[in-house]
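The file protein-v4.cif contains mmCIF, C-alpha atoms and all ligand atoms:
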```
data_work
loop_
_atom_site.group_PDB
_atom_site.id
_atom_site.type_symbol
_atom_site.label_atom_id
_atom_site.label_comp_id
_atom_site.auth_asym_id
_atom_site.auth_seq_id
_atom_site.Cartn_x
_atom_site.Cartn_y
_atom_site.Cartn_z
ATOM 1 C CA MET S 1 21.708 28.923 32.635
ATOM 2 C CA TYR S 2 19.502 26.477 34.464
ATOM 3 C CA ALA S 3 16.559 27.348 32.269
ATOM 4 C CA SER S 4 18.439 26.808 29.018
ATOM 5 C CA ARG S 5 19.747 23.419 30.105
ATOM 6 C CA CYS S 6 16.193 22.494 30.945
ATOM 7 C CA LEU S 7 15.032 23.589 27.498
ATOM 8 C CA ALA S 8 17.796 21.596 25.834
ATOM 9 C CA SER S 9 16.767 18.421 27.601
ATOM 10 C CA ILE S 10 13.118 18.973 26.675
ATOM 11 C CA SER S 11 13.901 19.312 23.000
ATOM 12 C CA LEU S 12 16.139 16.236 23.107
ATOM 13 C CA ALA S 13 13.282 14.232 24.607
ATOM 14 C CA ALA S 14 10.938 15.554 21.933
ATOM 15 C CA MET S 15 13.346 14.386 19.229
ATOM 16 C CA VAL S 16 13.551 10.899 20.711
ATOM 17 C CA PHE S 17 9.771 10.550 20.788
ATOM 18 C CA THR S 18 9.018 11.836 17.323
ATOM 19 C CA GLY S 19 12.016 9.997 15.879
ATOM 20 C CA ALA S 20 12.045 12.271 12.881
ATOM 21 C CA ALA S 21 13.804 15.518 13.463
ATOM 22 C CA LEU S 22 17.465 14.478 13.266
ATOM 23 C CA ALA S 23 19.811 16.520 11.103
ATOM 24 C CA GLY S 24 17.017 18.869 10.150
ATOM 25 C CA ALA S 25 14.939 16.283 8.274
ATOM 26 C CA PRO S 26 11.361 17.573 8.170
ATOM 27 C CA ASN S 27 8.414 15.879 9.909
ATOM 28 C CA VAL S 28 6.817 13.610 7.329
ATOM 29 C CA ALA S 29 3.431 11.883 7.569
ATOM 30 C CA THR S 30 2.484 8.877 5.401
ATOM 31 C CA ASP S 31 -0.884 7.171 4.930
ATOM 32 C CA ILE S 32 -0.277 3.388 4.809
ATOM 33 C CA MET S 33 2.628 1.054 5.590
ATOM 34 C CA PRO S 34 3.809 0.440 2.001
ATOM 35 C CA VAL S 35 4.087 4.208 1.387
ATOM 36 C CA HIS S 36 5.715 4.617 4.798
ATOM 37 C CA SER S 37 8.264 2.011 3.686
ATOM 38 C CA LEU S 38 9.109 3.793 0.427
ATOM 39 C CA VAL S 39 9.460 7.143 2.217
ATOM 40 C CA ALA S 40 11.614 5.486 4.915
ATOM 41 C CA ARG S 41 13.889 4.168 2.149
ATOM 42 C CA VAL S 42 14.345 7.694 0.761
ATOM 43 C CA MET S 43 14.924 9.217 4.233
ATOM 44 C CA GLU S 44 17.297 6.470 5.383
ATOM 45 C CA GLY S 45 20.172 7.915 7.411
ATOM 46 C CA LYS S 46 18.474 11.312 7.655
ATOM 47 C CA GLY S 47 15.205 10.724 9.511
ATOM 48 C CA ALA S 48 12.093 8.592 9.558
ATOM 49 C CA PRO S 49 8.504 9.198 8.458
ATOM 50 C CA SER S 50 5.454 8.723 10.701
ATOM 51 C CA LEU S 51 2.547 6.428 9.863
ATOM 52 C CA ILE S 52 -1.127 7.427 10.016
ATOM 53 C CA VAL S 53 -3.153 4.238 9.332
ATOM 54 C CA ALA S 54 -2.275 1.739 12.074
ATOM 55 C CA PRO S 55 -1.001 -1.708 11.021
ATOM 56 C CA GLY S 56 -3.868 -4.158 10.570
ATOM 57 C CA ALA S 57 -6.532 -1.505 9.906
ATOM 58 C CA SER S 58 -8.303 -0.977 6.590
ATOM 59 C CA PRO S 59 -7.443 2.369 4.985
ATOM 60 C CA HIS S 60 -10.838 2.470 3.232
ATOM 61 C CA GLU S 61 -12.578 3.414 6.477
ATOM 62 C CA TYR S 62 -10.685 4.780 9.422
ATOM 63 C CA SER S 63 -11.026 6.935 12.514
ATOM 64 C CA LEU S 64 -7.956 8.951 13.439
ATOM 65 C CA ARG S 65 -6.646 8.498 16.962
ATOM 66 C CA PRO S 66 -5.352 11.603 18.780
ATOM 67 C CA SER S 67 -1.715 10.516 18.267
ATOM 68 C CA GLU S 68 -2.326 10.218 14.512
ATOM 69 C CA ALA S 69 -4.032 13.617 14.399
ATOM 70 C CA ARG S 70 -0.904 15.011 16.046
ATOM 71 C CA ILE S 71 1.285 13.433 13.336
ATOM 72 C CA LEU S 72 -0.722 15.371 10.750
ATOM 73 C CA GLN S 73 -0.540 18.586 12.781
ATOM 74 C CA GLU S 74 3.245 18.397 12.967
ATOM 75 C CA ALA S 75 3.830 17.305 9.371
ATOM 76 C CA LYS S 76 5.634 19.506 6.906
ATOM 77 C CA LEU S 77 5.072 16.919 4.159
ATOM 78 C CA VAL S 78 2.229 14.414 3.770
ATOM 79 C CA PHE S 79 2.549 11.508 1.321
ATOM 80 C CA LEU S 80 -0.584 9.535 0.444
ATOM 81 C CA VAL S 81 -1.561 7.193 -2.397
ATOM 82 C CA THR S 82 -4.792 8.975 -3.298
ATOM 83 C CA ALA S 83 -7.916 10.260 -1.578
ATOM 84 C CA GLU S 84 -9.759 7.501 -3.479
ATOM 85 C CA LEU S 85 -8.081 5.035 -1.093
ATOM 86 C CA THR S 86 -8.558 7.136 2.050
ATOM 87 C CA PRO S 87 -11.563 9.423 1.483
ATOM 88 C CA TRP S 88 -11.622 10.375 5.200
ATOM 89 C CA LEU S 89 -8.070 11.730 5.038
ATOM 90 C CA ASP S 90 -8.859 14.708 2.790
ATOM 91 C CA GLY S 91 -10.824 16.530 5.473
ATOM 92 C CA ALA S 92 -8.328 15.596 8.175
ATOM 93 C CA ILE S 93 -5.456 17.055 6.148
ATOM 94 C CA GLU S 94 -7.436 20.208 5.510
ATOM 95 C CA THR S 95 -8.215 20.707 9.202
ATOM 96 C CA LEU S 96 -4.969 19.494 10.738
ATOM 97 C CA ALA S 97 -2.226 19.887 8.154
ATOM 98 C CA GLY S 98 -3.304 22.996 6.277
ATOM 99 C CA GLY S 99 0.257 24.304 5.962
ATOM 100 C CA ALA S 100 1.822 21.015 4.854
ATOM 101 C CA THR S 101 2.867 20.083 1.331
ATOM 102 C CA VAL S 102 0.593 17.205 0.295
ATOM 103 C CA ILE S 103 1.777 14.748 -2.349
ATOM 104 C CA GLU S 104 -0.826 12.406 -3.834
ATOM 105 C CA LEU S 105 1.426 9.738 -5.316
ATOM 106 C CA LEU S 106 -1.155 8.389 -7.780
ATOM 107 C CA GLU S 107 -1.055 11.803 -9.473
ATOM 108 C CA THR S 108 2.720 11.684 -9.975
ATOM 109 C CA ASP S 109 3.794 11.862 -13.631
ATOM 110 C CA GLY S 110 4.430 8.446 -15.125
ATOM 111 C CA THR S 111 2.309 6.524 -12.599
ATOM 112 C CA THR S 112 0.333 3.643 -14.080
ATOM 113 C CA LYS S 113 -3.346 4.100 -13.181
ATOM 114 C CA LEU S 114 -5.779 1.254 -13.751
ATOM 115 C CA PRO S 115 -9.541 1.803 -13.907
ATOM 116 C CA LEU S 116 -11.743 0.181 -11.251
ATOM 117 C CA ARG S 117 -13.108 -3.286 -11.942
ATOM 118 C CA GLU S 118 -16.653 -3.850 -10.823
ATOM 119 C CA ASN S 119 -17.583 -7.366 -11.885
ATOM 120 C CA ALA S 120 -17.135 -10.228 -9.452
ATOM 121 C CA LEU S 121 -15.344 -12.204 -12.175
ATOM 122 C CA PHE S 122 -12.665 -10.631 -14.337
ATOM 123 C CA LYS S 123 -12.316 -11.352 -18.023
ATOM 124 C CA ALA S 124 -8.864 -12.540 -19.041
ATOM 125 C CA HIS S 125 -6.441 -9.602 -18.979
ATOM 126 C CA GLN S 126 -9.307 -7.268 -18.259
ATOM 127 C CA GLN S 127 -8.029 -4.085 -16.727
ATOM 128 C CA GLY S 128 -11.083 -2.299 -15.505
ATOM 129 C CA ASP S 129 -14.529 -2.057 -16.979
ATOM 130 C CA ASP S 130 -14.109 1.309 -18.618
ATOM 131 C CA PRO S 131 -10.644 2.341 -19.770
ATOM 132 C CA ASP S 132 -11.715 5.996 -19.976
ATOM 133 C CA SER S 133 -13.140 6.106 -16.481
ATOM 134 C CA ASP S 134 -11.570 8.680 -14.194
ATOM 135 C CA THR S 135 -12.117 6.589 -11.097
ATOM 136 C CA HIS S 136 -9.044 4.488 -10.567
ATOM 137 C CA ASP S 137 -8.231 1.428 -8.565
ATOM 138 C CA PRO S 138 -6.342 3.030 -5.672
ATOM 139 C CA HIS S 139 -4.132 0.024 -4.763
ATOM 140 C CA ALA S 140 -1.404 1.313 -7.072
ATOM 141 C CA TRP S 141 1.565 0.628 -4.766
ATOM 142 C CA LEU S 142 1.353 -3.031 -5.797
ATOM 143 C CA SER S 143 2.876 -2.057 -9.146
ATOM 144 C CA PRO S 144 6.651 -2.129 -8.635
ATOM 145 C CA ASP S 145 7.014 0.308 -11.541
ATOM 146 C CA ASN S 146 4.848 2.764 -9.641
ATOM 147 C CA ALA S 147 6.937 2.231 -6.518
ATOM 148 C CA GLU S 148 10.051 3.152 -8.509
ATOM 149 C CA ILE S 149 8.445 6.304 -9.885
ATOM 150 C CA TRP S 150 7.219 7.235 -6.426
ATOM 151 C CA LEU S 151 10.678 6.823 -4.864
ATOM 152 C CA ASN S 152 11.770 9.530 -7.256
ATOM 153 C CA ALA S 153 8.797 11.781 -6.529
ATOM 154 C CA ILE S 154 9.306 11.342 -2.780
ATOM 155 C CA ALA S 155 12.993 12.266 -3.099
ATOM 156 C CA VAL S 156 12.216 15.363 -5.165
ATOM 157 C CA ALA S 157 9.609 16.568 -2.637
ATOM 158 C CA LEU S 158 11.926 15.940 0.301
ATOM 159 C CA ALA S 159 14.861 17.594 -1.456
ATOM 160 C CA SER S 160 12.788 20.683 -2.028
ATOM 161 C CA ALA S 161 11.610 20.808 1.611
ATOM 162 C CA ASP S 162 15.071 20.025 2.984
ATOM 163 C CA PRO S 163 17.749 21.102 0.460
ATOM 164 C CA ASP S 164 20.610 20.350 2.900
ATOM 165 C CA ASN S 165 19.896 16.642 2.576
ATOM 166 C CA ALA S 166 18.870 16.653 -1.093
ATOM 167 C CA ASN S 167 21.810 14.543 -2.262
ATOM 168 C CA ALA S 168 21.114 11.846 0.309
ATOM 169 C CA TYR S 169 17.427 11.652 -0.627
ATOM 170 C CA LEU S 170 18.177 11.373 -4.338
ATOM 171 C CA ALA S 171 20.914 8.764 -3.795
ATOM 172 C CA ASN S 172 18.643 6.688 -1.536
ATOM 173 C CA ALA S 173 15.831 6.816 -4.096
ATOM 174 C CA SER S 174 18.177 5.676 -6.819
ATOM 175 C CA ALA S 175 19.449 2.752 -4.701
ATOM 176 C CA GLY S 176 15.835 1.887 -3.809
ATOM 177 C CA ARG S 177 14.884 1.784 -7.485
ATOM 178 C CA MET S 178 17.668 -0.691 -8.201
ATOM 179 C CA GLU S 179 16.446 -2.879 -5.321
ATOM 180 C CA ILE S 180 12.947 -2.901 -6.785
ATOM 181 C CA GLU S 181 14.298 -3.790 -10.246
ATOM 182 C CA ALA S 182 15.987 -6.843 -8.697
ATOM 183 C CA LEU S 183 12.792 -7.672 -6.796
ATOM 184 C CA LYS S 184 10.772 -7.720 -10.028
ATOM 185 C CA GLY S 185 13.101 -10.326 -11.511
ATOM 186 C CA GLU S 186 12.958 -12.399 -8.359
ATOM 187 C CA ILE S 187 9.140 -12.399 -8.229
ATOM 188 C CA ASN S 188 8.804 -13.255 -11.929
ATOM 189 C CA THR S 189 11.067 -16.259 -11.378
ATOM 190 C CA VAL S 190 8.966 -17.440 -8.427
ATOM 191 C CA LEU S 191 5.670 -17.066 -10.308
ATOM 192 C CA GLU S 192 6.806 -18.420 -13.680
ATOM 193 C CA PRO S 193 6.011 -22.126 -13.067
ATOM 194 C CA LEU S 194 2.468 -21.320 -11.885
ATOM 195 C CA ARG S 195 1.228 -19.092 -14.685
ATOM 196 C CA GLY S 196 -2.372 -19.868 -15.602
ATOM 197 C CA GLY S 197 -3.323 -20.988 -12.063
ATOM 198 C CA LYS S 198 -6.815 -19.862 -11.069
ATOM 199 C CA PHE S 199 -7.419 -17.967 -7.865
ATOM 200 C CA ILE S 200 -9.959 -15.654 -6.265
ATOM 201 C CA VAL S 201 -8.938 -12.752 -4.015
ATOM 202 C CA PHE S 202 -10.885 -11.282 -1.121
ATOM 203 C CA HIS S 203 -11.261 -7.643 -2.073
ATOM 204 C CA ASP S 204 -10.268 -6.396 -5.487
ATOM 205 C CA SER S 205 -6.929 -4.914 -4.496
ATOM 206 C CA PHE S 206 -4.306 -6.895 -6.422
ATOM 207 C CA GLN S 207 -4.970 -5.642 -9.954
ATOM 208 C CA TYR S 208 -1.627 -3.803 -10.151
ATOM 209 C CA PHE S 209 0.298 -6.864 -8.993
ATOM 210 C CA GLU S 210 -1.627 -9.040 -11.472
ATOM 211 C CA ALA S 211 -0.804 -6.667 -14.330
ATOM 212 C CA ALA S 212 2.848 -6.186 -13.358
ATOM 213 C CA PHE S 213 3.570 -9.903 -13.234
ATOM 214 C CA ASP S 214 1.046 -11.097 -15.821
ATOM 215 C CA PHE S 215 -0.645 -13.238 -13.190
ATOM 216 C CA PRO S 216 -4.377 -12.515 -13.354
ATOM 217 C CA ALA S 217 -6.883 -13.372 -10.614
ATOM 218 C CA SER S 218 -10.196 -14.874 -11.744
ATOM 219 C CA GLY S 219 -12.294 -12.639 -9.537
ATOM 220 C CA ALA S 220 -12.807 -10.923 -6.200
ATOM 221 C CA ILE S 221 -15.371 -11.619 -3.514
ATOM 222 C CA SER S 222 -15.580 -7.989 -2.506
ATOM 223 C CA LEU S 223 -15.272 -4.749 -4.479
ATOM 224 C CA SER S 224 -12.202 -2.532 -4.566
ATOM 225 C CA ASP S 225 -13.540 -0.336 -1.756
ATOM 226 C CA ALA S 226 -13.935 -3.454 0.415
ATOM 227 C CA ARG S 227 -17.705 -3.028 0.823
ATOM 228 C CA ASP S 228 -19.520 -6.229 1.913
ATOM 229 C CA PRO S 229 -20.382 -8.319 -1.176
ATOM 230 C CA SER S 230 -24.017 -8.878 -2.177
ATOM 231 C CA PRO S 231 -25.439 -12.425 -1.899
ATOM 232 C CA ALA S 232 -25.689 -12.500 -5.713
ATOM 233 C CA ARG S 233 -22.000 -11.701 -6.061
ATOM 234 C CA ILE S 234 -21.064 -14.430 -3.581
ATOM 235 C CA ALA S 235 -23.259 -16.946 -5.407
ATOM 236 C CA GLU S 236 -21.679 -16.025 -8.756
ATOM 237 C CA ILE S 237 -18.210 -16.685 -7.382
ATOM 238 C CA GLN S 238 -19.222 -19.949 -5.720
ATOM 239 C CA THR S 239 -20.612 -21.259 -8.985
ATOM 240 C CA TYR S 240 -17.461 -20.220 -10.802
ATOM 241 C CA ILE S 241 -15.224 -21.945 -8.257
ATOM 242 C CA ALA S 242 -17.209 -25.163 -8.582
ATOM 243 C CA ASP S 243 -17.309 -25.072 -12.409
ATOM 244 C CA GLN S 244 -13.885 -23.744 -13.326
ATOM 245 C CA GLY S 245 -11.443 -25.556 -11.087
ATOM 246 C CA VAL S 246 -10.334 -22.576 -9.030
ATOM 247 C CA ALA S 247 -7.451 -23.744 -6.882
ATOM 248 C CA CYS S 248 -7.365 -21.125 -4.202
ATOM 249 C CA VAL S 249 -9.324 -18.374 -2.448
ATOM 250 C CA PHE S 250 -7.353 -15.761 -0.534
ATOM 251 C CA ALA S 251 -8.345 -14.048 2.706
ATOM 252 C CA GLU S 252 -6.908 -10.738 3.900
ATOM 253 C CA PRO S 253 -5.979 -9.950 7.495
ATOM 254 C CA GLN S 254 -7.820 -6.591 7.379
ATOM 255 C CA PHE S 255 -11.199 -8.181 6.782
ATOM 256 C CA ASN S 256 -13.606 -10.698 8.284
ATOM 257 C CA PRO S 257 -12.168 -14.219 7.810
ATOM 258 C CA GLY S 258 -15.649 -15.744 8.292
ATOM 259 C CA ILE S 259 -16.605 -15.097 4.669
ATOM 260 C CA ILE S 260 -13.589 -17.038 3.394
ATOM 261 C CA ALA S 261 -14.165 -19.891 5.841
ATOM 262 C CA ALA S 262 -17.751 -20.161 4.581
ATOM 263 C CA PHE S 263 -16.442 -20.323 1.008
ATOM 264 C CA ALA S 264 -14.012 -23.083 1.833
ATOM 265 C CA ASP S 265 -16.734 -25.124 3.574
ATOM 266 C CA GLU S 266 -19.086 -24.667 0.673
ATOM 267 C CA THR S 267 -16.684 -25.380 -2.199
ATOM 268 C CA LYS S 268 -13.771 -27.371 -0.690
ATOM 269 C CA VAL S 269 -11.378 -24.905 -2.275
ATOM 270 C CA GLN S 270 -7.946 -24.251 -0.699
ATOM 271 C CA THR S 271 -7.494 -21.020 1.194
ATOM 272 C CA GLY S 272 -4.503 -18.765 1.688
ATOM 273 C CA VAL S 273 -3.801 -15.225 2.851
ATOM 274 C CA MET S 274 -2.753 -12.326 0.611
ATOM 275 C CA ASP S 275 -2.135 -9.060 2.385
ATOM 276 C CA PRO S 276 -1.764 -5.902 0.270
ATOM 277 C CA LEU S 277 -0.629 -3.816 3.283
ATOM 278 C CA GLY S 278 1.807 -5.959 5.262
ATOM 279 C CA ALA S 279 -0.202 -5.826 8.514
ATOM 280 C CA ASP S 280 2.145 -8.054 10.492
ATOM 281 C CA LEU S 281 5.443 -6.936 8.961
ATOM 282 C CA GLU S 282 7.932 -4.686 10.692
ATOM 283 C CA PRO S 283 7.322 -1.120 9.441
ATOM 284 C CA GLY S 284 10.288 0.473 7.682
ATOM 285 C CA THR S 285 12.481 0.242 4.605
ATOM 286 C CA GLY S 286 12.266 -3.556 4.337
ATOM 287 C CA LEU S 287 8.473 -3.732 4.420
ATOM 288 C CA TYR S 288 7.760 -2.972 0.768
ATOM 289 C CA PRO S 289 9.988 -5.684 -0.747
ATOM 290 C CA GLN S 290 8.858 -8.184 1.896
ATOM 291 C CA LEU S 291 5.220 -7.454 1.223
ATOM 292 C CA MET S 292 5.666 -8.001 -2.533
ATOM 293 C CA ARG S 293 7.709 -11.162 -2.031
ATOM 294 C CA ARG S 294 5.064 -12.520 0.287
ATOM 295 C CA LEU S 295 2.284 -12.026 -2.260
ATOM 296 C CA ALA S 296 4.262 -14.231 -4.638
ATOM 297 C CA THR S 297 4.906 -16.930 -2.037
ATOM 298 C CA ALA S 298 1.227 -16.865 -0.967
ATOM 299 C CA LEU S 299 0.348 -17.688 -4.569
ATOM 300 C CA THR S 300 2.968 -20.435 -4.915
ATOM 301 C CA GLY S 301 1.999 -21.909 -1.545
ATOM 302 C CA CYS S 302 -1.665 -22.255 -2.463
ATOM 303 C CA LEU S 303 -1.810 -22.882 -6.220
HETATM 304 ZN ZN ZN B 401 -8.279 -1.974 -0.493
#
```

The structure given in the file should be rewritten as structure tokens.
Amino acid sequence: MYASRCLASISLAAMVFTGAALAGAPNVATDIMPVHSLVARVMEGKGAPSLIVAPGASPHEYSLRPSEARILQEAKLVFLVTAELTPWLDGAIETLAGGATVIELLETDGTTKLPLRENALFKAHQQGDDPDSDTHDPHAWLSPDNAEIWLNAIAVALASADPDNANAYLANASAGRMEIEALKGEINTVLEPLRGGKFIVFHDSFQYFEAAFDFPASGAISLSDARDPSPARIAEIQTYIADQGVACVFAEPQFNPGIIAAFADETKVQTGVMDPLGADLEPGTGLYPQLMRRLATALTGCL
């Protein structure tokens, strides 16, 4: 009697701390905040996913903390964009989450995949250097069409792992898709008056946003994997800024702001912040739309 009451209170405490296991919803791990947000939208009312890459960190290079290793160990489902974004996560999943179902969202049917761009300066409407390349730009969550497709894929995976809540997952995904449709219209309206404005981004991570809203960047200081840029690459961009009337250079909270400050000193260009991850936003269902909205207002505020 005493023992069973004790057990009951232990499992209640465990539920409070993991926050996930209500109504039988499975433990779900997600890589980055935008994916966490989409999964949270699908699970709304039934449970909540856990996040692996801490807010403010770069997913390109990361060391798991013990609490994040535990999230993987306990996960029944793991949602990630692609191992091309988080190469370190492959091994961690293999060691820690061997029994989990792993869904690489970039490989979902219907997902738009854009090839990597390597030049510092992009040609107009250039989408990657080699259209047949099988290395893709991993920042694919910044395409709202991909987000819609992924909501569906997330719901299908959850429904299969947790059939009791299948209807709720599918209904949430469908409502989430309608929200993203409305968001696309809203962002197009905000960006419309500024089409043709020239800007440079910090690391080449906004290609999907540029393509979705027909709002191309002129170039990126750093490559898509966020490696430090070579002096030649920096010089090429500085010359371009001086010659071509670039209005704005964008920093990112995940990376060293010193490089952008040096640019601004050198070229007198305006600076802003564009954050592809939503480092300072509240994690959860509202993060994805807020993150997308904020990219648009960063552009309008600086151009
Ligand atoms: Zn990146």

I'd like the box whose edges run along x, y and z of the file and which contains every listed atom of segment 35-38 of chain S, padded by 3 Å per side; could you state its centre and edge lengths in Å, one decimal, as lines of an AutoDock Vina configuration file?
```
center_x = 6.6
center_y = 3.3
center_z = 2.6
size_x = 11.0
size_y = 8.6
size_z = 10.4
```

Contacts of chain S with ligand ZN 401 (chain B) up to 6 Å, shortest pair per row, all atoms listed in the file, as a Markdown table:
```
| residue | atom | partner | partner_atom | distance |
| --- | --- | --- | --- | --- |
| S:Ser205 | CA | B:ZN401 | ZN | 5.1 |
| S:Ser224 | CA | B:ZN401 | ZN | 5.7 |
| S:Asp225 | CA | B:ZN401 | ZN | 5.7 |
| S:Ala226 | CA | B:ZN401 | ZN | 5.9 |
```

Atom pair atom CA of Pro231 of chain S / atom CA of Ala247 of chain S: separation (Å) =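 Atom-to-atom, atom CA of Pro231 of chain S to atom CA of Ala247 of chain S, that is 21.8 Å.
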
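Atom CA of Leu105 of chain S lies 20.1 Å from atom CA of Pro55 of chain S.
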
Produce a table with one row for each residue of segment 172-227 of chain S that has an atom at most 10 Å from any atom of segment 282-296 of chain S, each row naming the nearest atom pair and its distance in Å at one decimal; use all atoms listed in the file; arrange rows by chain and rising residue number; format as a tab-separated table.
```
residue	atom	partner	partner_atom	distance
S:Gly176	CA	S:Thr285	CA	9.2
S:Glu179	CA	S:Pro289	CA	8.4
S:Ile180	CA	S:Pro289	CA	7.3
S:Leu183	CA	S:Pro289	CA	7.0
S:Lys184	CA	S:Met292	CA	9.1
S:Glu186	CA	S:Arg293	CA	8.3
S:Ile187	CA	S:Ala296	CA	6.3
S:Asn188	CA	S:Ala296	CA	8.6
S:Thr189	CA	S:Ala296	CA	9.8
S:Val190	CA	S:Ala296	CA	6.8
S:Leu191	CA	S:Ala296	CA	6.5
S:Phe206	CA	S:Leu295	CA	9.3
S:Phe209	CA	S:Met292	CA	8.5
S:Phe213	CA	S:Ala296	CA	9.6
S:Phe215	CA	S:Ala296	CA	9.9
```

Any idea what the distance is between atom CA of Lys113 of chain S and atom CA of Glu210 of chain S?
->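 According to the coordinates, atom CA of Lys113 of chain S and atom CA of Glu210 of chain S are separated by 13.4 Å.
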
Return as a VMD selection string the set of residues that the PyMOL selection byres (((chain S and resi 156) around 12) and not hetatm) yields on the displayed structure.
-> chain S and resid 39 42 to 43 77 103 108 149 to 155 157 to 163 165 to 174

Which residue gives the smallest distance to Thr300 of chain S among S:Asp90, S:Asp109, S:Glu84, S:Glu192, with all atoms listed in the file counted?
-> S:Glu192

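Applied to the file shown here, the PyMOL selection byres (((chain S and resi 259-275) around 6) and not hetatm) selects Cys248, Val249, Phe250, Ala251, Glu252, Pro257, Gly258, Pro276, Leu277, Gly278 and Leu295 of chain S.
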
Got a sec to resolve the PyMOL selection byres (((chain S and resi 119) around 10) and not hetatm) on this structure and send the residues as a VMD selection string?
-> chain S and resid 116 to 118 120 to 123 128 to 129 204 219 to 223 233

Quick one: contact table of segment 43-90 of chain S to segment 29-33 of chain S, 7 Å max, nearest atom pair and distance in Å to one decimal per residue, counting all atoms listed in the file, chain and number order, as a tab-separated table?
```
residue	atom	partner	partner_atom	distance
S:Pro49	CA	S:Ala29	CA	5.8
S:Ser50	CA	S:Ala29	CA	4.9
S:Leu51	CA	S:Thr30	CA	5.1
S:Ile52	CA	S:Asp31	CA	5.1
S:Val53	CA	S:Ile32	CA	5.4
S:Ile71	CA	S:Ala29	CA	6.3
S:Leu72	CA	S:Ala29	CA	6.3
S:Ala75	CA	S:Ala29	CA	5.7
S:Leu77	CA	S:Ala29	CA	6.3
S:Val78	CA	S:Ala29	CA	4.7
S:Phe79	CA	S:Thr30	CA	4.9
S:Leu80	CA	S:Asp31	CA	5.1
```

Based on the selection just made, write C-alpha atoms of those residues as a CSV table (one decimal), in the coordinates of the input.
```
chain,number,residue,atom,x,y,z
S,49,PRO,CA,8.5,9.2,8.5
S,50,SER,CA,5.5,8.7,10.7
S,51,LEU,CA,2.5,6.4,9.9
S,52,ILE,CA,-1.1,7.4,10.0
S,53,VAL,CA,-3.2,4.2,9.3
S,71,ILE,CA,1.3,13.4,13.3
S,72,LEU,CA,-0.7,15.4,10.8
S,75,ALA,CA,3.8,17.3,9.4
S,77,LEU,CA,5.1,16.9,4.2
S,78,VAL,CA,2.2,14.4,3.8
S,79,PHE,CA,2.5,11.5,1.3
S,80,LEU,CA,-0.6,9.5,0.4
```

Nearest to Gly45 of chain S, chosen from S:Trp141, S:Ala25, S:Glu181, S:Ala235, with all atoms listed in the file counted in the distances |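 Comparing S:Trp141, S:Ala25, S:Glu181, S:Ala235 against Gly45 of chain S, the winner is S:Ala25.
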
Nearest to Gly196 of chain S by atom-to-atom distance, counting only C-alpha atoms, from S:Ile234, S:Leu281, S:Leu303, S:Ile93 |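 Checking each of S:Ile234, S:Leu281, S:Leu303, S:Ile93 against Gly196 of chain S, counting only C-alpha atoms, the winner is S:Leu303.
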
Please provide as a PyMOL selection string all residues within 8 Å of Leu106 of chain S, with the sequence filter that same-chain residues fewer than 5 positions apart are discarded (counting all atoms listed in the file).
-> chain S and resi 81-82+111+113+138+140

Using only C-alpha atoms, the residue out of S:Leu89, S:Pro115, S:Ile200, S:Arg177 with shortest distance to Asp134 of chain S is S:Pro115

Skipping near chain neighbours, those fewer than 6 positions away, what residues fall within 9 Å of Phe255 of chain S using only C-alpha atoms, listed as an MDAnalysis selection string?
-> chainID S and resid 57:58 202:203 226

Same residues, C-alpha atoms, saved as a PDB file, keeping the file's coordinate frame:
```
ATOM      1  CA  ALA S  57      -6.532  -1.505   9.906  1.00  0.00           C
ATOM      2  CA  SER S  58      -8.303  -0.977   6.590  1.00  0.00           C
ATOM      3  CA  PHE S 202     -10.885 -11.282  -1.121  1.00  0.00           C
ATOM      4  CA  HIS S 203     -11.261  -7.643  -2.073  1.00  0.00           C
ATOM      5  CA  ALA S 226     -13.935  -3.454   0.415  1.00  0.00           C
TER       6      ALA S 226
END
```
